[in-house]
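Asker: Please see the structure below; I have some questions.
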Amino acid sequence: MKYEFSARAHTLNSSPLLSIRTETRRGTLISLAEELPAEELFPLSLLAEAASTVISDDAGALQYGDPEGYAPLREWLTGDWLKAKGVSVAEGGVLLTTGSQQAIDLLSRVYIDPGDRVLVENPTSPGILQVLRMQGAVIIPVRGDRDGLLPEHLRTQIRLHRPKMLFATPSFTNPSGMLWSLARRKEVLELCTSHNLLIVEDDSYGDLHFQRYSEHPSVKYPSLYALENVSEGGHVLYIGSFSKTVAPALRTGWAAGSRELIGMMAAAKQMADWQSSSLNQRLLHHLLDVTAFDLREHITLLNREYNTRLKLMAELLKRPAWKSSSYDLPAGGMFLWVTLPEGLDAMALLKALLAKGVAFLPGPLCSVSGGHGYIRLNFSHPGRDELLLGMNLMSEAVTEFTARS
Ligand SMILES: Cc1ncc(COP(=O)(O)O)c(C=O)c1O
């Protein structure tokens, strides 16, 4: 049959990311392309213990649950976990979602009409760009530097485009790994609140912070939500996820904000999937609250290993092939955002690398437009040996390209 897809569906044009994902699933590629955590660090035995107890204790675990999510997990989250970050959430102000990706999608559905202008950090994550394109938003890029979004550019874009909202990831922006300074956080918040812009603050990577502080890192780098400090919810919708800190297959993320926003998102969620898996949420709650699992300790372990992998990658980027490339070493997250040597095109390099069995994410997938001179390298998923081999093959391909040009 000749299908007649909606105009919006055409924004989903087959993405190189999808084919990379398919290849990696087949185990045929070394992938430096994706947003995956290290499998060997998943808390397997404690998750197995939680799964067996949850299923054998209560048949209700297999029943439909609340659209807002399993209440004890919501309480765990909004209790000590978020409070320790200075994030306080009013009753009815949190929704458990199918990963933070669903939180982004639901908010976009209830807040954006086709043609609405939405600000994003540029570069930003492919997942955010895809949702906004599907929604028919006009995407307006805002530039940043090492300290975060540039307030001057943000002010200009607000004046020129009169946007409705800003999507931002102040702690370890995907892909640039940017960690906004406190001053920038305050300036951006002030600008957005004074122009009545909603901020969607994606804190999916915030816990992957490699530096150790005597106090909680959120004292030095508070979320915009915590800075605004309106417990009934104000200009910031704060979203996060257990994907990077526990396991993505649990598909459990959240949105916290005003009751009004959360209520609309919960209504849209009932159309999308009625509720996220309450079995997964019970399992996660059991893991966090009943077993010997300590999420804080687990995050410390992840951060130690990811930092080691990042340092290994940075070491391998000192090879001659990369001498005219550059990057800023991030203090956390999962990615290095590399400026390629002059004249090298990310898409052409990807084609050559795929033939050698290695994948990375080309800059255009993270960019509102352009981005051909950049690549995103993931250091959290490949083990140390794989990382070494993948980077060797990358260096080989870059050398071949530069010799030709
Ligand atoms: C910035 C950002 N937000 C959200 C997500 C979605 O993650 P999940 O739906 O697994 O929570 C990703 C994916 O890696 C991401 O990079």
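In the structure tokens, chains take the letters A, B, ... in the order shown, each chain's residues start at 1, and ligands count up from 1 in the order shown.
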Please identify every polymer residue within 7 Å of ligand 1, using only C-alpha atoms and all ligand atoms, and present the set as a ChimeraX atom specification.

Answerer: /A:35,98-102,125,127,169,173-174,202,204,240-243,248,251-253

Asker: Would you list the contacts of segment 272-274 of chain A as a short mmCIF file (atom, residue, chain, number, x, y, z; two decimals) with N, CA and C atoms, in the first residue's frame, taking every protein, DNA or RNA residue within 9 Å and counting only C-alpha atoms, but skipping same-chain residues closer than 6 positions in sequence?

Answerer:
```cif
data_model
loop_
_atom_site.label_atom_id
_atom_site.label_comp_id
_atom_site.auth_asym_id
_atom_site.auth_seq_id
_atom_site.Cartn_x
_atom_site.Cartn_y
_atom_site.Cartn_z
N TYR A 64 -2.20 -2.88 36.50
CA TYR A 64 -2.05 -1.46 36.13
C TYR A 64 -1.76 -0.66 37.39
N GLY A 65 -1.10 0.49 37.21
CA GLY A 65 -0.81 1.33 38.37
C GLY A 65 -1.32 2.75 38.16
N ASP A 66 -0.84 3.68 39.00
CA ASP A 66 -1.27 5.08 38.86
C ASP A 66 -0.60 5.73 37.65
N PRO A 67 -1.33 6.56 36.90
CA PRO A 67 -0.68 7.28 35.79
C PRO A 67 0.51 8.12 36.25
N LEU A 106 6.32 14.61 26.40
CA LEU A 106 5.01 15.01 26.94
C LEU A 106 4.91 16.52 27.09
N ALA A 266 0.48 14.68 32.81
CA ALA A 266 -0.11 13.39 33.22
C ALA A 266 -1.31 13.06 32.34
#
```

Asker: Within 12 Å of Asp145 of chain A, counting only C-alpha atoms, which residues show up once you throw out same-chain ones fewer than 3 positions away? Write them as a PyMOL selection string, please.

Answerer: chain A and resi 121-123+142+148-153+170+173+176-181+184+328

Asker: So, with only C-alpha atoms as the atoms that count, which of A:Thr24, A:Thr291, A:Ser258, A:Asn196 lies closest to Gly92 of chain A?

Answerer: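 Looking at the shortest contact to Gly92 of chain A, the residue is A:Ser258.
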
Asker: Can you tell me, as a VMD selection string, what residues are no more than 12 Å from Asp105 of chain A when counting only C-alpha atoms, ignoring any on the same chain fewer than 6 positions away?

Answerer: chain A and resid 97 to 99 111 to 112 127 to 135 167 200 239 254 to 255 265 to 266 268 to 269 272

Asker: Go ahead and save the residues from that selection, with N, CA and C atoms, as a compact mmCIF listing (two decimals), in the first residue's frame.

Answerer:
```txt
# COMPACT_ATOMS: atom_id res chain seq x y z
N THR A 97 8.00 8.99 34.45
CA THR A 97 7.84 8.86 33.00
C THR A 97 8.67 7.70 32.47
N THR A 98 8.42 7.36 31.21
CA THR A 98 9.20 6.29 30.58
C THR A 98 10.52 6.90 30.11
N GLY A 99 11.45 7.03 31.04
CA GLY A 99 12.71 7.71 30.78
C GLY A 99 12.48 9.22 30.72
N TYR A 111 2.82 21.85 25.43
CA TYR A 111 3.24 23.25 25.53
C TYR A 111 3.55 23.90 24.18
N ILE A 112 3.81 23.07 23.15
CA ILE A 112 4.29 23.65 21.89
C ILE A 112 3.28 23.44 20.78
N GLY A 127 17.96 13.72 20.74
CA GLY A 127 16.62 13.38 21.24
C GLY A 127 15.75 14.62 21.39
N ILE A 128 16.32 15.70 21.88
CA ILE A 128 15.56 16.95 22.05
C ILE A 128 15.20 17.52 20.67
N LEU A 129 16.18 17.53 19.78
CA LEU A 129 15.94 18.09 18.44
C LEU A 129 14.83 17.32 17.72
N GLN A 130 14.86 15.99 17.85
CA GLN A 130 13.85 15.18 17.15
C GLN A 130 12.44 15.47 17.66
N VAL A 131 12.31 15.56 18.98
CA VAL A 131 10.98 15.83 19.56
C VAL A 131 10.48 17.20 19.09
N LEU A 132 11.35 18.19 19.13
CA LEU A 132 10.93 19.54 18.75
C LEU A 132 10.55 19.62 17.27
N ARG A 133 11.32 18.91 16.44
CA ARG A 133 10.99 18.92 14.99
C ARG A 133 9.65 18.25 14.76
N MET A 134 9.43 17.14 15.44
CA MET A 134 8.17 16.40 15.29
C MET A 134 6.99 17.27 15.71
N GLN A 135 7.23 18.13 16.71
CA GLN A 135 6.16 18.96 17.23
C GLN A 135 5.91 20.19 16.35
N PHE A 167 15.05 24.81 26.29
CA PHE A 167 15.50 23.48 26.74
C PHE A 167 16.97 23.59 27.12
N VAL A 200 12.90 24.07 30.45
CA VAL A 200 12.92 22.63 30.72
C VAL A 200 14.37 22.30 31.04
N ILE A 239 13.69 17.83 34.93
CA ILE A 239 13.52 16.42 34.55
C ILE A 239 14.81 15.63 34.78
N TRP A 254 11.67 11.15 35.36
CA TRP A 254 10.66 11.95 36.05
C TRP A 254 10.63 13.38 35.53
N ALA A 255 9.51 14.02 35.83
CA ALA A 255 9.40 15.47 35.63
C ALA A 255 8.88 16.04 36.94
N MET A 265 0.76 17.22 31.77
CA MET A 265 1.63 16.16 31.25
C MET A 265 1.04 14.78 31.60
N ALA A 266 0.48 14.68 32.81
CA ALA A 266 -0.11 13.39 33.22
C ALA A 266 -1.31 13.06 32.34
N ALA A 268 -1.66 13.99 29.19
CA ALA A 268 -1.11 13.57 27.89
C ALA A 268 -0.52 12.16 28.00
N LYS A 269 0.04 11.85 29.15
CA LYS A 269 0.64 10.53 29.34
C LYS A 269 -0.42 9.42 29.26
N ALA A 272 -0.72 8.58 25.84
CA ALA A 272 0.47 7.95 25.24
C ALA A 272 0.60 6.50 25.67
```

Asker: Run DSSP on the backbone and tell me which residues of segment 246-284 of chain A come out as strand (DSSP E); list them as a list in words.

Answerer: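 Output for segment 246-284 of chain A, strand (DSSP E) only: Gly253, Trp254, Ala255 and Ala256 of chain A.
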
Asker: Would you write out those residues with N, CA and C atoms, as a PDB file, in the first residue's frame?

Answerer:
```pdb
ATOM      1  N   GLY A 253      12.110   7.665  34.410  1.00  0.00           N
ATOM      2  CA  GLY A 253      12.573   9.036  34.548  1.00  0.00           C
ATOM      3  C   GLY A 253      11.490   9.833  35.252  1.00  0.00           C
ATOM      4  N   TRP A 254      11.674  11.149  35.360  1.00  0.00           N
ATOM      5  CA  TRP A 254      10.664  11.948  36.048  1.00  0.00           C
ATOM      6  C   TRP A 254      10.628  13.381  35.527  1.00  0.00           C
ATOM      7  N   ALA A 255       9.515  14.023  35.831  1.00  0.00           N
ATOM      8  CA  ALA A 255       9.399  15.470  35.626  1.00  0.00           C
ATOM      9  C   ALA A 255       8.877  16.039  36.935  1.00  0.00           C
ATOM     10  N   ALA A 256       9.490  17.128  37.401  1.00  0.00           N
ATOM     11  CA  ALA A 256       9.023  17.785  38.622  1.00  0.00           C
ATOM     12  C   ALA A 256       8.805  19.256  38.320  1.00  0.00           C
TER      13      ALA A 256
END
```

Asker: Report as a Markdown table the residues of segment 131-205 of chain A within 8 Å of segment 363-380 of chain A, each with its shortest atom pair and distance in Å (one decimal), using only C-alpha atoms, ordered by chain and increasing residue number.

Answerer:
```
| residue | atom | partner | partner_atom | distance |
| --- | --- | --- | --- | --- |
| A:Ile139 | CA | A:Val368 | CA | 7.1 |
| A:Ile140 | CA | A:Val368 | CA | 7.6 |
| A:Pro141 | CA | A:Val368 | CA | 6.4 |
| A:Pro175 | CA | A:Arg376 | CA | 6.3 |
| A:Ser176 | CA | A:Arg376 | CA | 8.0 |
```

Asker: Leaving out Leu312 of chain A and any residue of its chain fewer than 5 positions from it, which residues lie within 12 Å of it when counting only C-alpha atoms, given as a list in words?

Answerer: Glu305, Tyr306, Asn307, Leu317, Lys318, Arg319, Leu329, Leu336, Phe379, Ser380, Pro382, Gly383, Arg384, Asp385, Glu386, Leu387, Leu388, Leu389, Gly390, Met391 and Asn392 of chain A

Asker: Where in segment 349-385 of chain A does DSSP assign helix (DSSP H, G or I), given as a ChimeraX atom specification?

Answerer: /A:349-356,363-366,384-385

Asker: Rounded to one decimal place, report the atom CA of Ile262 of chain A-atom CA of Val54 of chain A distance in Å.

Answerer: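 Atom-to-atom, atom CA of Ile262 of chain A to atom CA of Val54 of chain A, that is 28.0 Å.
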